[in-house]
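Input: a single structure, listed below in C-alpha cells.
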Amino acid sequence: MKHNMKKSFFYKVVQLLLCRPELQRVRIVFWFFDELILPWMKKTNDIRGKKQRVIITFPLSLGDAVIFLNSVSQIFTVFDKEKYEVTIACQNEYTKLFEDFFEYVLPLDYRKACIDPIYRIKMLKRIRENRYDIAVDPVGCEECSPNVYFMNAVCAKKKIGIISASDKEIQCPKWLCKKIYTDMIYNPTKNLHKVNYYTYFWSEYSGRNFKPELIRFSYQYKKVPEHYFIVFPSASTEIKMWAVENYVEIAKKVYCQTKYPVVLCGTQRDQEIVHKFISELKGEIPCINLVCQTNIKEFIGLIGGADLVITNDTSTYHIAVMQRRKTCVVTGGYVYDTFINYRCEEYGCQKPEIVYREKTCVNCYNRCRYKVKNTYPCVAGNTIDDVWKAVQRLLEVSAGKI
C-alpha cells in the first residue's frame, strides 16, 4: 500500500476543512470549472451492444469501500450479468480490491483532481470515453463531493442518485441536483448506518427487499506468528487520532496479559505515527513493523488474522468488524451512527467495543462546534482507563488464553 498523502497539499487541505467546516462550501467551484471544460470535449459515439452498460461511481476511501462491497450481491441481483455490463469507477489505489468483485473497473485519482487542474481535465476526458445506459451514484448528493462531479461529466441516458433526510447543512444546491440527475431516491431515515444505507438504496432502486449483510474477505497474510494483536494509532487525519503514548500504555497492558507481539501496519502516510509509537515503546514488548510492506489485500488479511485490533482509524475498524475480529475503536461522535455503531445483532458479527464519551453533539459530521487545534475533543477525552476496560472485556481471559 503506497500512498504519500500525509505530506501532500491534499492532506493539508482536508485537515483544514475538518477544522474549519464552513470552508467546505468552496467545493462548488469544481462544478463551474467543469462546466467551462466539458463543452469542449467530444462525446463518444453511442455504441450499442447486447448488454446494457451501467457505471457506478464510488470515489470514497478504503473504509467506505469495504462497507460498500457488502452490497455486491445486491448489485448483481439488480444488474444481472447476463443482461448488464457493470463498471465501477473508484479511487485508483483500490483497483485491485474492486477487481475481485467487478469485471470492469475505471480507476481515477479523485484526490489529485481536486488540486491539479491539468489532471482534472484528463480525468474528465477519460470519464467521457464511453457512453452508458445507466449511471448510478449510491454515495449521496447532499454535499458537493466527487461523486456529484463524476455524474455531471459521465455520458448516460439515466443518472440515478440518492439524497437523505439529515441535520447537516445541505451543501449541494437543489438546482445542481436537478441539472445533473434524472432520478432521485429519497432516504427518510437520518444517520442510517452505511451498511443499511446501501441496502436501502438497492432495495428502493429495484423494488426488492434486500437484507443487510456483512461479507467476510478470504484474504490471508501468513508472514506473522499464529497469535498477535494489532495497534493502529494512525488515521486519515490528525484531528481524529488518539494520543500515541496512550496506545503505548494499552499495548503494554495487552502484552502483559497475553504475551502476544504487537503488529503495526499501514501505508507511507502512517510511518511518522508508527515511528513515534515504536520510539515511545522503547523495546519493552515484541513489536513487528509491517508498515509499507502489505498491499490492500494483505492488509485486510493481516487484520483478519489478529486476535485483537485496537484503533481509532475507521478503515481498520470496518475491516476488523467485517473479519469478525475482537475490535476496540477509540473514537468520537462525529459519524457515530452512520459509521461506528454497527447493528451486530442484525449482521451476525462480533460486537466491537466502542470507546466514546457521548456528548450532545453526536453525529456532527465533522462540523465540530468547538475550537479544534489538534484533535477533536470527543476523541481526546477518552482515557487510558476507558480503553483498557473495553479491551479487558474483549480479552475474556480464561486459563491464560484469549
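Every chain in the C-alpha cells takes a letter, A first, then B, and so on in the order presented; its residues are numbered from 1, and the ligands are numbered from 1 following the presented order.
Taking only C-alpha atoms, the non-local environment of stretch 32-37 of chain A within 10 Å (same-chain residues fewer than 3 positions away omitted) comprises A:Arg27, A:Ile28, A:Val29, A:Trp40, A:Met41, A:Pro117, A:Arg120, A:Ile121, A:Leu124, A:Lys125, A:Tyr149, A:Phe150, A:Asn152, A:Ala153.
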>> Residues of stretch 200-241 of chain A classed as helix (DSSP H, G or I) by DSSP on the backbone are to be reported as a PyMOL selection string.
In response: chain A and resi 200-206+238-240
>> I want to know what sits within 10 Å of A:Ile250, based on only C-alpha atoms, with residues of the same chain fewer than 3 positions away left out; could you give that as a PyMOL selection string?
In response: chain A and resi 231+245-247+253-256+310+384-385+387-388+391
> Among stretch 24-236 of chain A, which residues carry a DSSP assignment of strand (DSSP E), reported as a PyMOL selection string?
Replying inline: chain A and resi 52-58+84-91+104-108+131-136+155-164+183-187+229-232
>> If I take atom CA of A:Val330 and atom CA of A:Val379, how far is one from the other in Å, to one decimal?
In response: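 Between these atoms lies a distance of 7.1 Å.
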> Could you name the residues that touch A:Met184 at 6 Å or less, counting only C-alpha atoms, but leaving out those on the same chain fewer than 3 positions away, as a VMD selection string?
Replying inline: chain A and resid 160 to 162
>> Considering only C-alpha atoms, can you say which of A:Val139, A:Leu176, A:Gly63, A:Cys114 comes closest to A:Tyr200?
In response: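 Selected residue with least distance to A:Tyr200: A:Val139.
Between A:Asp133 and the residues A:Gln52, A:Asp64, A:Ala113, A:Thr182, the shortest atom-to-atom distance, using only C-alpha atoms, involves A:Gln52.
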>> Ranking A:Thr311, A:Asn45, A:Asn374, A:Asn289 by minimum distance to A:His275 and counting only C-alpha atoms, which one comes first?
In response: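 Among the listed residues, A:Asn289 lies closest to A:His275.
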>> Measuring between only C-alpha atoms, which one of A:Lys252, A:Trp202, A:Tyr132, A:Ser164 shows the shortest distance to A:Pro188?
In response: A:Ser164
>> For A:Leu60, find every residue with an atom within 10 Å (counting only C-alpha atoms), except residues of its own chain fewer than 2 positions away, and show them as an MDAnalysis selection string.
In response: chainID A and resid 57:58 62:65 68 90:91 94 110:111 139 145:147
Selection to disk with N, CA, C and O atoms, as a PDB file, in the first residue's frame:
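So again34.pdb came out as:
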ATOM      1  N   THR A  57     -20.467   5.064  -9.650  1.00  0.00           N
ATOM      2  CA  THR A  57     -19.377   5.892  -9.143  1.00  0.00           C
ATOM      3  C   THR A  57     -19.183   5.651  -7.653  1.00  0.00           C
ATOM      4  O   THR A  57     -20.149   5.672  -6.878  1.00  0.00           O
ATOM      5  N   PHE A  58     -17.923   5.410  -7.263  1.00  0.00           N
ATOM      6  CA  PHE A  58     -17.624   5.256  -5.832  1.00  0.00           C
ATOM      7  C   PHE A  58     -16.207   5.777  -5.566  1.00  0.00           C
ATOM      8  O   PHE A  58     -15.225   5.026  -5.540  1.00  0.00           O
ATOM      9  N   LEU A  62     -10.914   3.741   1.685  1.00  0.00           N
ATOM     10  CA  LEU A  62     -10.903   2.296   1.910  1.00  0.00           C
ATOM     11  C   LEU A  62     -12.015   1.854   2.854  1.00  0.00           C
ATOM     12  O   LEU A  62     -12.688   0.849   2.600  1.00  0.00           O
ATOM     13  N   GLY A  63     -12.218   2.579   3.947  1.00  0.00           N
ATOM     14  CA  GLY A  63     -13.264   2.200   4.891  1.00  0.00           C
ATOM     15  C   GLY A  63     -14.634   2.210   4.252  1.00  0.00           C
ATOM     16  O   GLY A  63     -15.443   1.289   4.431  1.00  0.00           O
ATOM     17  N   ASP A  64     -14.919   3.255   3.474  1.00  0.00           N
ATOM     18  CA  ASP A  64     -16.185   3.334   2.757  1.00  0.00           C
ATOM     19  C   ASP A  64     -16.300   2.200   1.741  1.00  0.00           C
ATOM     20  O   ASP A  64     -17.375   1.623   1.557  1.00  0.00           O
ATOM     21  N   ALA A  65     -15.170   1.899   1.088  1.00  0.00           N
ATOM     22  CA  ALA A  65     -15.182   0.876   0.041  1.00  0.00           C
ATOM     23  C   ALA A  65     -15.530  -0.504   0.588  1.00  0.00           C
ATOM     24  O   ALA A  65     -16.341  -1.227  -0.001  1.00  0.00           O
ATOM     25  N   PHE A  68     -19.167  -0.613   1.316  1.00  0.00           N
ATOM     26  CA  PHE A  68     -19.934  -0.665   0.072  1.00  0.00           C
ATOM     27  C   PHE A  68     -19.929  -2.066  -0.538  1.00  0.00           C
ATOM     28  O   PHE A  68     -20.940  -2.509  -1.101  1.00  0.00           O
ATOM     29  N   CYS A  90     -13.663   3.917  -9.322  1.00  0.00           N
ATOM     30  CA  CYS A  90     -13.192   4.007  -7.938  1.00  0.00           C
ATOM     31  C   CYS A  90     -11.893   4.791  -7.842  1.00  0.00           C
ATOM     32  O   CYS A  90     -11.246   5.081  -8.854  1.00  0.00           O
ATOM     33  N   GLN A  91     -11.506   5.116  -6.612  1.00  0.00           N
ATOM     34  CA  GLN A  91     -10.200   5.720  -6.359  1.00  0.00           C
ATOM     35  C   GLN A  91      -9.126   4.731  -6.779  1.00  0.00           C
ATOM     36  O   GLN A  91      -9.179   3.548  -6.440  1.00  0.00           O
ATOM     37  N   TYR A  94      -7.460   1.538  -4.998  1.00  0.00           N
ATOM     38  CA  TYR A  94      -8.295   0.422  -4.576  1.00  0.00           C
ATOM     39  C   TYR A  94      -8.734  -0.448  -5.760  1.00  0.00           C
ATOM     40  O   TYR A  94      -9.633  -1.275  -5.634  1.00  0.00           O
ATOM     41  N   TYR A 110      -9.303  10.815  -7.770  1.00  0.00           N
ATOM     42  CA  TYR A 110     -10.185  11.932  -7.423  1.00  0.00           C
ATOM     43  C   TYR A 110      -9.459  12.955  -6.559  1.00  0.00           C
ATOM     44  O   TYR A 110      -9.748  14.146  -6.618  1.00  0.00           O
ATOM     45  N   ARG A 111      -8.531  12.486  -5.719  1.00  0.00           N
ATOM     46  CA  ARG A 111      -7.796  13.408  -4.840  1.00  0.00           C
ATOM     47  C   ARG A 111      -6.922  14.356  -5.662  1.00  0.00           C
ATOM     48  O   ARG A 111      -6.912  15.566  -5.425  1.00  0.00           O
ATOM     49  N   VAL A 139     -23.652   7.040  -3.436  1.00  0.00           N
ATOM     50  CA  VAL A 139     -22.952   7.708  -2.338  1.00  0.00           C
ATOM     51  C   VAL A 139     -23.854   8.719  -1.633  1.00  0.00           C
ATOM     52  O   VAL A 139     -23.908   8.782  -0.407  1.00  0.00           O
ATOM     53  N   SER A 145     -19.478  16.537  -3.272  1.00  0.00           N
ATOM     54  CA  SER A 145     -18.358  15.604  -3.223  1.00  0.00           C
ATOM     55  C   SER A 145     -18.073  15.052  -4.618  1.00  0.00           C
ATOM     56  O   SER A 145     -18.865  15.232  -5.545  1.00  0.00           O
ATOM     57  N   PRO A 146     -16.947  14.357  -4.823  1.00  0.00           N
ATOM     58  CA  PRO A 146     -16.524  13.949  -6.171  1.00  0.00           C
ATOM     59  C   PRO A 146     -17.534  13.123  -6.950  1.00  0.00           C
ATOM     60  O   PRO A 146     -17.561  13.172  -8.180  1.00  0.00           O
ATOM     61  N   ASN A 147     -18.368  12.335  -6.270  1.00  0.00           N
ATOM     62  CA  ASN A 147     -19.355  11.531  -6.983  1.00  0.00           C
ATOM     63  C   ASN A 147     -20.331  12.404  -7.772  1.00  0.00           C
ATOM     64  O   ASN A 147     -20.782  12.036  -8.858  1.00  0.00           O
TER      65      ASN A 147
END
> Quick one: of A:Arg369, A:Arg128, A:Arg343, A:Lys179, who's nearest to A:Leu38, counting only C-alpha atoms?
Replying inline: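 Closest candidate: A:Arg128.
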Mind checking which residues fall within 10 Å of A:Leu308, counting only C-alpha atoms, ignoring those fewer than 2 positions away in the same chain, and posting them as a PDB file with all heavy atoms, in the first residue's frame?
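Written out: out_17.pdb:
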ATOM      1  N   HIS A 227      -0.358 -16.056  16.787  1.00  0.00           N
ATOM      2  CA  HIS A 227      -1.122 -15.132  17.620  1.00  0.00           C
ATOM      3  C   HIS A 227      -0.440 -13.764  17.664  1.00  0.00           C
ATOM      4  O   HIS A 227       0.778 -13.679  17.840  1.00  0.00           O
ATOM      5  CB  HIS A 227      -1.251 -15.670  19.047  1.00  0.00           C
ATOM      6  CG  HIS A 227      -2.048 -16.943  19.137  1.00  0.00           C
ATOM      7  ND1 HIS A 227      -3.406 -16.977  18.952  1.00  0.00           N
ATOM      8  CD2 HIS A 227      -1.647 -18.224  19.375  1.00  0.00           C
ATOM      9  CE1 HIS A 227      -3.833 -18.215  19.092  1.00  0.00           C
ATOM     10  NE2 HIS A 227      -2.793 -18.993  19.340  1.00  0.00           N
ATOM     11  N   TYR A 228      -1.209 -12.722  17.502  1.00  0.00           N
ATOM     12  CA  TYR A 228      -0.703 -11.348  17.583  1.00  0.00           C
ATOM     13  C   TYR A 228      -1.890 -10.405  17.734  1.00  0.00           C
ATOM     14  O   TYR A 228      -3.041 -10.768  17.483  1.00  0.00           O
ATOM     15  CB  TYR A 228       0.102 -10.975  16.330  1.00  0.00           C
ATOM     16  CG  TYR A 228      -0.665 -11.082  15.031  1.00  0.00           C
ATOM     17  CD1 TYR A 228      -1.350  -9.992  14.494  1.00  0.00           C
ATOM     18  CD2 TYR A 228      -0.722 -12.291  14.336  1.00  0.00           C
ATOM     19  CE1 TYR A 228      -2.048 -10.087  13.304  1.00  0.00           C
ATOM     20  CE2 TYR A 228      -1.422 -12.404  13.143  1.00  0.00           C
ATOM     21  CZ  TYR A 228      -2.088 -11.302  12.634  1.00  0.00           C
ATOM     22  OH  TYR A 228      -2.788 -11.400  11.452  1.00  0.00           O
ATOM     23  N   PHE A 229      -1.602  -9.203  18.185  1.00  0.00           N
ATOM     24  CA  PHE A 229      -2.635  -8.175  18.208  1.00  0.00           C
ATOM     25  C   PHE A 229      -2.148  -6.951  17.447  1.00  0.00           C
ATOM     26  O   PHE A 229      -0.936  -6.725  17.312  1.00  0.00           O
ATOM     27  CB  PHE A 229      -3.057  -7.826  19.639  1.00  0.00           C
ATOM     28  CG  PHE A 229      -2.037  -7.081  20.464  1.00  0.00           C
ATOM     29  CD1 PHE A 229      -2.105  -5.709  20.612  1.00  0.00           C
ATOM     30  CD2 PHE A 229      -1.014  -7.776  21.126  1.00  0.00           C
ATOM     31  CE1 PHE A 229      -1.174  -5.022  21.386  1.00  0.00           C
ATOM     32  CE2 PHE A 229      -0.084  -7.103  21.906  1.00  0.00           C
ATOM     33  CZ  PHE A 229      -0.161  -5.717  22.040  1.00  0.00           C
ATOM     34  N   ILE A 230      -3.073  -6.206  16.897  1.00  0.00           N
ATOM     35  CA  ILE A 230      -2.755  -5.032  16.086  1.00  0.00           C
ATOM     36  C   ILE A 230      -3.133  -3.760  16.833  1.00  0.00           C
ATOM     37  O   ILE A 230      -4.225  -3.658  17.398  1.00  0.00           O
ATOM     38  CB  ILE A 230      -3.504  -5.075  14.735  1.00  0.00           C
ATOM     39  CG1 ILE A 230      -2.911  -6.166  13.835  1.00  0.00           C
ATOM     40  CG2 ILE A 230      -3.452  -3.721  14.028  1.00  0.00           C
ATOM     41  CD1 ILE A 230      -3.657  -6.340  12.519  1.00  0.00           C
ATOM     42  N   VAL A 231      -2.203  -2.823  16.844  1.00  0.00           N
ATOM     43  CA  VAL A 231      -2.494  -1.459  17.283  1.00  0.00           C
ATOM     44  C   VAL A 231      -2.315  -0.556  16.073  1.00  0.00           C
ATOM     45  O   VAL A 231      -1.253  -0.561  15.440  1.00  0.00           O
ATOM     46  CB  VAL A 231      -1.563  -1.021  18.428  1.00  0.00           C
ATOM     47  CG1 VAL A 231      -1.736   0.470  18.705  1.00  0.00           C
ATOM     48  CG2 VAL A 231      -1.854  -1.815  19.690  1.00  0.00           C
ATOM     49  N   VAL A 254      -1.812  -5.144  27.196  1.00  0.00           N
ATOM     50  CA  VAL A 254      -2.272  -6.309  26.434  1.00  0.00           C
ATOM     51  C   VAL A 254      -1.185  -7.383  26.393  1.00  0.00           C
ATOM     52  O   VAL A 254      -1.451  -8.570  26.598  1.00  0.00           O
ATOM     53  CB  VAL A 254      -2.673  -5.917  24.997  1.00  0.00           C
ATOM     54  CG1 VAL A 254      -2.996  -7.167  24.167  1.00  0.00           C
ATOM     55  CG2 VAL A 254      -3.876  -4.984  25.013  1.00  0.00           C
ATOM     56  N   TYR A 260       1.389 -11.855  23.549  1.00  0.00           N
ATOM     57  CA  TYR A 260       1.377 -11.796  22.090  1.00  0.00           C
ATOM     58  C   TYR A 260       2.128 -10.556  21.618  1.00  0.00           C
ATOM     59  O   TYR A 260       2.051  -9.503  22.248  1.00  0.00           O
ATOM     60  CB  TYR A 260      -0.055 -11.729  21.558  1.00  0.00           C
ATOM     61  CG  TYR A 260      -0.911 -12.940  21.832  1.00  0.00           C
ATOM     62  CD1 TYR A 260      -2.294 -12.849  21.716  1.00  0.00           C
ATOM     63  CD2 TYR A 260      -0.356 -14.170  22.201  1.00  0.00           C
ATOM     64  CE1 TYR A 260      -3.110 -13.949  21.956  1.00  0.00           C
ATOM     65  CE2 TYR A 260      -1.152 -15.268  22.453  1.00  0.00           C
ATOM     66  CZ  TYR A 260      -2.526 -15.158  22.330  1.00  0.00           C
ATOM     67  OH  TYR A 260      -3.339 -16.246  22.568  1.00  0.00           O
ATOM     68  N   VAL A 262       2.880  -7.206  19.341  1.00  0.00           N
ATOM     69  CA  VAL A 262       2.043  -6.203  18.707  1.00  0.00           C
ATOM     70  C   VAL A 262       2.507  -6.034  17.266  1.00  0.00           C
ATOM     71  O   VAL A 262       3.704  -5.988  16.977  1.00  0.00           O
ATOM     72  CB  VAL A 262       2.089  -4.859  19.458  1.00  0.00           C
ATOM     73  CG1 VAL A 262       3.497  -4.282  19.524  1.00  0.00           C
ATOM     74  CG2 VAL A 262       1.139  -3.850  18.806  1.00  0.00           C
ATOM     75  N   ILE A 303      -5.253  -7.974   9.179  1.00  0.00           N
ATOM     76  CA  ILE A 303      -6.256  -7.620  10.192  1.00  0.00           C
ATOM     77  C   ILE A 303      -7.149  -8.819  10.498  1.00  0.00           C
ATOM     78  O   ILE A 303      -7.484  -9.089  11.657  1.00  0.00           O
ATOM     79  CB  ILE A 303      -7.103  -6.427   9.706  1.00  0.00           C
ATOM     80  CG1 ILE A 303      -6.232  -5.173   9.606  1.00  0.00           C
ATOM     81  CG2 ILE A 303      -8.286  -6.172  10.648  1.00  0.00           C
ATOM     82  CD1 ILE A 303      -6.907  -4.002   8.939  1.00  0.00           C
ATOM     83  N   GLY A 304      -7.486  -9.579   9.457  1.00  0.00           N
ATOM     84  CA  GLY A 304      -8.366 -10.728   9.617  1.00  0.00           C
ATOM     85  C   GLY A 304      -7.772 -11.869  10.417  1.00  0.00           C
ATOM     86  O   GLY A 304      -8.508 -12.756  10.877  1.00  0.00           O
ATOM     87  N   GLY A 305      -6.457 -11.854  10.627  1.00  0.00           N
ATOM     88  CA  GLY A 305      -5.816 -12.920  11.395  1.00  0.00           C
ATOM     89  C   GLY A 305      -5.465 -12.530  12.813  1.00  0.00           C
ATOM     90  O   GLY A 305      -4.949 -13.352  13.580  1.00  0.00           O
ATOM     91  N   ALA A 306      -5.733 -11.281  13.188  1.00  0.00           N
ATOM     92  CA  ALA A 306      -5.337 -10.791  14.512  1.00  0.00           C
ATOM     93  C   ALA A 306      -6.283 -11.291  15.601  1.00  0.00           C
ATOM     94  O   ALA A 306      -7.479 -11.458  15.385  1.00  0.00           O
ATOM     95  CB  ALA A 306      -5.323  -9.258  14.514  1.00  0.00           C
ATOM     96  N   ILE A 310      -6.937  -2.821  17.975  1.00  0.00           N
ATOM     97  CA  ILE A 310      -7.209  -1.588  18.718  1.00  0.00           C
ATOM     98  C   ILE A 310      -6.849  -0.415  17.814  1.00  0.00           C
ATOM     99  O   ILE A 310      -5.718  -0.324  17.329  1.00  0.00           O
ATOM    100  CB  ILE A 310      -6.386  -1.514  20.015  1.00  0.00           C
ATOM    101  CG1 ILE A 310      -6.571  -2.787  20.848  1.00  0.00           C
ATOM    102  CG2 ILE A 310      -6.768  -0.277  20.835  1.00  0.00           C
ATOM    103  CD1 ILE A 310      -5.596  -2.918  21.998  1.00  0.00           C
ATOM    104  N   ALA A 320     -11.854  -4.896  10.504  1.00  0.00           N
ATOM    105  CA  ALA A 320     -11.805  -5.791  11.662  1.00  0.00           C
ATOM    106  C   ALA A 320     -13.193  -6.317  12.020  1.00  0.00           C
ATOM    107  O   ALA A 320     -13.363  -7.502  12.332  1.00  0.00           O
ATOM    108  CB  ALA A 320     -11.179  -5.076  12.856  1.00  0.00           C
ATOM    109  N   ARG A 325     -13.222  -9.928  13.972  1.00  0.00           N
ATOM    110  CA  ARG A 325     -12.150  -9.846  14.957  1.00  0.00           C
ATOM    111  C   ARG A 325     -12.653  -9.172  16.232  1.00  0.00           C
ATOM    112  O   ARG A 325     -13.612  -8.398  16.215  1.00  0.00           O
ATOM    113  CB  ARG A 325     -10.963  -9.052  14.410  1.00  0.00           C
ATOM    114  CG  ARG A 325     -10.305  -9.639  13.185  1.00  0.00           C
ATOM    115  CD  ARG A 325      -9.679 -10.989  13.466  1.00  0.00           C
ATOM    116  NE  ARG A 325     -10.612 -12.082  13.267  1.00  0.00           N
ATOM    117  CZ  ARG A 325     -10.420 -13.330  13.673  1.00  0.00           C
ATOM    118  NH1 ARG A 325      -9.330 -13.648  14.346  1.00  0.00           N
ATOM    119  NH2 ARG A 325     -11.312 -14.259  13.432  1.00  0.00           N
ATOM    120  N   LYS A 326     -11.979  -9.431  17.336  1.00  0.00           N
ATOM    121  CA  LYS A 326     -12.241  -8.680  18.564  1.00  0.00           C
ATOM    122  C   LYS A 326     -11.657  -7.284  18.371  1.00  0.00           C
ATOM    123  O   LYS A 326     -10.452  -7.132  18.177  1.00  0.00           O
ATOM    124  CB  LYS A 326     -11.610  -9.390  19.748  1.00  0.00           C
ATOM    125  CG  LYS A 326     -12.252 -10.742  20.048  1.00  0.00           C
ATOM    126  CD  LYS A 326     -11.626 -11.433  21.243  1.00  0.00           C
ATOM    127  CE  LYS A 326     -12.341 -12.755  21.527  1.00  0.00           C
ATOM    128  NZ  LYS A 326     -11.751 -13.484  22.678  1.00  0.00           N
ATOM    129  N   THR A 327     -12.533  -6.295  18.431  1.00  0.00           N
ATOM    130  CA  THR A 327     -12.153  -4.956  17.977  1.00  0.00           C
ATOM    131  C   THR A 327     -12.527  -3.888  18.995  1.00  0.00           C
ATOM    132  O   THR A 327     -13.641  -3.866  19.502  1.00  0.00           O
ATOM    133  CB  THR A 327     -12.859  -4.633  16.641  1.00  0.00           C
ATOM    134  OG1 THR A 327     -12.671  -5.710  15.725  1.00  0.00           O
ATOM    135  CG2 THR A 327     -12.325  -3.342  16.055  1.00  0.00           C
ATOM    136  N   CYS A 328     -11.570  -3.006  19.262  1.00  0.00           N
ATOM    137  CA  CYS A 328     -11.816  -1.844  20.114  1.00  0.00           C
ATOM    138  C   CYS A 328     -11.504  -0.587  19.311  1.00  0.00           C
ATOM    139  O   CYS A 328     -10.380  -0.415  18.831  1.00  0.00           O
ATOM    140  CB  CYS A 328     -10.945  -1.890  21.369  1.00  0.00           C
ATOM    141  SG  CYS A 328     -11.107  -0.429  22.427  1.00  0.00           S
ATOM    142  N   VAL A 391     -10.941  -3.142  26.383  1.00  0.00           N
ATOM    143  CA  VAL A 391     -10.081  -4.225  25.897  1.00  0.00           C
ATOM    144  C   VAL A 391     -10.201  -5.454  26.794  1.00  0.00           C
ATOM    145  O   VAL A 391     -10.256  -6.589  26.312  1.00  0.00           O
ATOM    146  CB  VAL A 391      -8.610  -3.750  25.811  1.00  0.00           C
ATOM    147  CG1 VAL A 391      -7.670  -4.925  25.549  1.00  0.00           C
ATOM    148  CG2 VAL A 391      -8.468  -2.690  24.715  1.00  0.00           C
ATOM    149  N   LEU A 394     -13.007  -7.578  25.934  1.00  0.00           N
ATOM    150  CA  LEU A 394     -12.773  -8.354  24.725  1.00  0.00           C
ATOM    151  C   LEU A 394     -11.882  -9.567  24.970  1.00  0.00           C
ATOM    152  O   LEU A 394     -12.067 -10.631  24.372  1.00  0.00           O
ATOM    153  CB  LEU A 394     -12.141  -7.467  23.638  1.00  0.00           C
ATOM    154  CG  LEU A 394     -13.035  -6.408  22.998  1.00  0.00           C
ATOM    155  CD1 LEU A 394     -12.200  -5.492  22.122  1.00  0.00           C
ATOM    156  CD2 LEU A 394     -14.138  -7.054  22.175  1.00  0.00           C
ATOM    157  N   LEU A 395     -10.926  -9.404  25.830  1.00  0.00           N
ATOM    158  CA  LEU A 395      -9.950 -10.480  26.051  1.00  0.00           C
ATOM    159  C   LEU A 395     -10.590 -11.723  26.664  1.00  0.00           C
ATOM    160  O   LEU A 395     -10.202 -12.857  26.334  1.00  0.00           O
ATOM    161  CB  LEU A 395      -8.811  -9.984  26.938  1.00  0.00           C
ATOM    162  CG  LEU A 395      -7.876  -8.954  26.297  1.00  0.00           C
ATOM    163  CD1 LEU A 395      -6.836  -8.469  27.286  1.00  0.00           C
ATOM    164  CD2 LEU A 395      -7.191  -9.525  25.067  1.00  0.00           C
ATOM    165  N   ILE A 402      -6.818 -16.338  25.183  1.00  0.00           N
ATOM    166  CA  ILE A 402      -7.883 -15.495  24.656  1.00  0.00           C
ATOM    167  C   ILE A 402      -8.970 -16.415  24.103  1.00  0.00           C
ATOM    168  O   ILE A 402      -8.706 -17.301  23.349  1.00  0.00           O
ATOM    169  CB  ILE A 402      -7.360 -14.565  23.534  1.00  0.00           C
ATOM    170  CG1 ILE A 402      -6.414 -13.534  24.110  1.00  0.00           C
ATOM    171  CG2 ILE A 402      -8.502 -13.857  22.830  1.00  0.00           C
ATOM    172  CD1 ILE A 402      -5.852 -12.585  23.104  1.00  0.00           C
TER     173      ILE A 402
END
>> With only C-alpha atoms as the counted atoms, please give the residues lying no more than 10 Å from A:Phe210, apart from itself and same-chain residues fewer than 4 positions off, as a list in words.
In response: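 In the requested format, the answer is Ser71, Ser73, Gln74, Thr77, Asn196, Tyr198, Thr199, Tyr200, Phe201, Trp202, Ser203, Glu204 and Ser206 of chain A.
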Pull N, CA, C and O atoms from the residues just selected and write them as an mmCIF file, in the first residue's frame.
data_model
loop_
_atom_site.group_PDB
_atom_site.id
_atom_site.type_symbol
_atom_site.label_atom_id
_atom_site.label_comp_id
_atom_site.auth_asym_id
_atom_site.auth_seq_id
_atom_site.Cartn_x
_atom_site.Cartn_y
_atom_site.Cartn_z
ATOM 1 N N SER A 71 -22.667 -4.791 -0.393
ATOM 2 C CA SER A 71 -23.863 -4.774 -1.239
ATOM 3 C C SER A 71 -23.619 -5.352 -2.636
ATOM 4 O O SER A 71 -24.480 -5.232 -3.505
ATOM 5 N N SER A 73 -23.608 -8.432 -3.820
ATOM 6 C CA SER A 73 -24.603 -9.427 -4.245
ATOM 7 C C SER A 73 -25.916 -8.742 -4.623
ATOM 8 O O SER A 73 -26.625 -9.192 -5.543
ATOM 9 N N GLN A 74 -26.253 -7.653 -3.946
ATOM 10 C CA GLN A 74 -27.462 -6.901 -4.269
ATOM 11 C C GLN A 74 -27.317 -6.233 -5.640
ATOM 12 O O GLN A 74 -28.259 -6.220 -6.442
ATOM 13 N N THR A 77 -27.732 -8.702 -8.341
ATOM 14 C CA THR A 77 -29.125 -9.155 -8.424
ATOM 15 C C THR A 77 -29.930 -8.144 -9.232
ATOM 16 O O THR A 77 -30.755 -8.501 -10.077
ATOM 17 N N ASN A 196 -26.707 -0.454 6.109
ATOM 18 C CA ASN A 196 -28.145 -0.380 5.860
ATOM 19 C C ASN A 196 -28.472 0.632 4.766
ATOM 20 O O ASN A 196 -29.431 0.458 4.004
ATOM 21 N N TYR A 198 -26.712 1.428 2.004
ATOM 22 C CA TYR A 198 -26.563 0.886 0.656
ATOM 23 C C TYR A 198 -27.616 -0.179 0.365
ATOM 24 O O TYR A 198 -28.105 -0.286 -0.767
ATOM 25 N N THR A 199 -27.978 -0.952 1.384
ATOM 26 C CA THR A 199 -29.058 -1.927 1.211
ATOM 27 C C THR A 199 -30.367 -1.215 0.872
ATOM 28 O O THR A 199 -31.126 -1.656 -0.005
ATOM 29 N N TYR A 200 -30.620 -0.101 1.555
ATOM 30 C CA TYR A 200 -31.827 0.689 1.278
ATOM 31 C C TYR A 200 -31.800 1.199 -0.166
ATOM 32 O O TYR A 200 -32.820 1.147 -0.872
ATOM 33 N N PHE A 201 -30.644 1.678 -0.597
ATOM 34 C CA PHE A 201 -30.534 2.221 -1.951
ATOM 35 C C PHE A 201 -30.910 1.180 -2.992
ATOM 36 O O PHE A 201 -31.743 1.436 -3.869
ATOM 37 N N TRP A 202 -30.297 0.000 -2.903
ATOM 38 C CA TRP A 202 -30.550 -1.022 -3.921
ATOM 39 C C TRP A 202 -31.961 -1.595 -3.802
ATOM 40 O O TRP A 202 -32.551 -2.002 -4.801
ATOM 41 N N SER A 203 -32.507 -1.606 -2.605
ATOM 42 C CA SER A 203 -33.894 -2.056 -2.421
ATOM 43 C C SER A 203 -34.857 -1.088 -3.100
ATOM 44 O O SER A 203 -35.776 -1.492 -3.825
ATOM 45 N N GLU A 204 -34.649 0.223 -2.853
ATOM 46 C CA GLU A 204 -35.516 1.224 -3.446
ATOM 47 C C GLU A 204 -35.350 1.292 -4.959
ATOM 48 O O GLU A 204 -36.322 1.459 -5.700
ATOM 49 N N SER A 206 -34.537 -1.095 -7.008
ATOM 50 C CA SER A 206 -35.025 -2.287 -7.712
ATOM 51 C C SER A 206 -36.445 -2.692 -7.347
ATOM 52 O O SER A 206 -37.052 -3.511 -8.032
#
>> Just to confirm, what's the straight-line distance from atom CA of A:Thr331 to atom CA of A:Ala380 in Å (one decimal)?
In response: 8.7 Å
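Comparing the minimum interatomic distances between A:Tyr181 and each of A:Cys141, A:Val66, A:Val195, A:Val309, counting only C-alpha atoms, we find that A:Cys141 sits nearest.
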> At what distance in Å, to one decimal, does atom CA of A:Glu142 lie from atom CA of A:Cys172?
Replying inline: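 If I compute the distance from atom CA of A:Cys172 to atom CA of A:Glu142, I get 5.5 Å.
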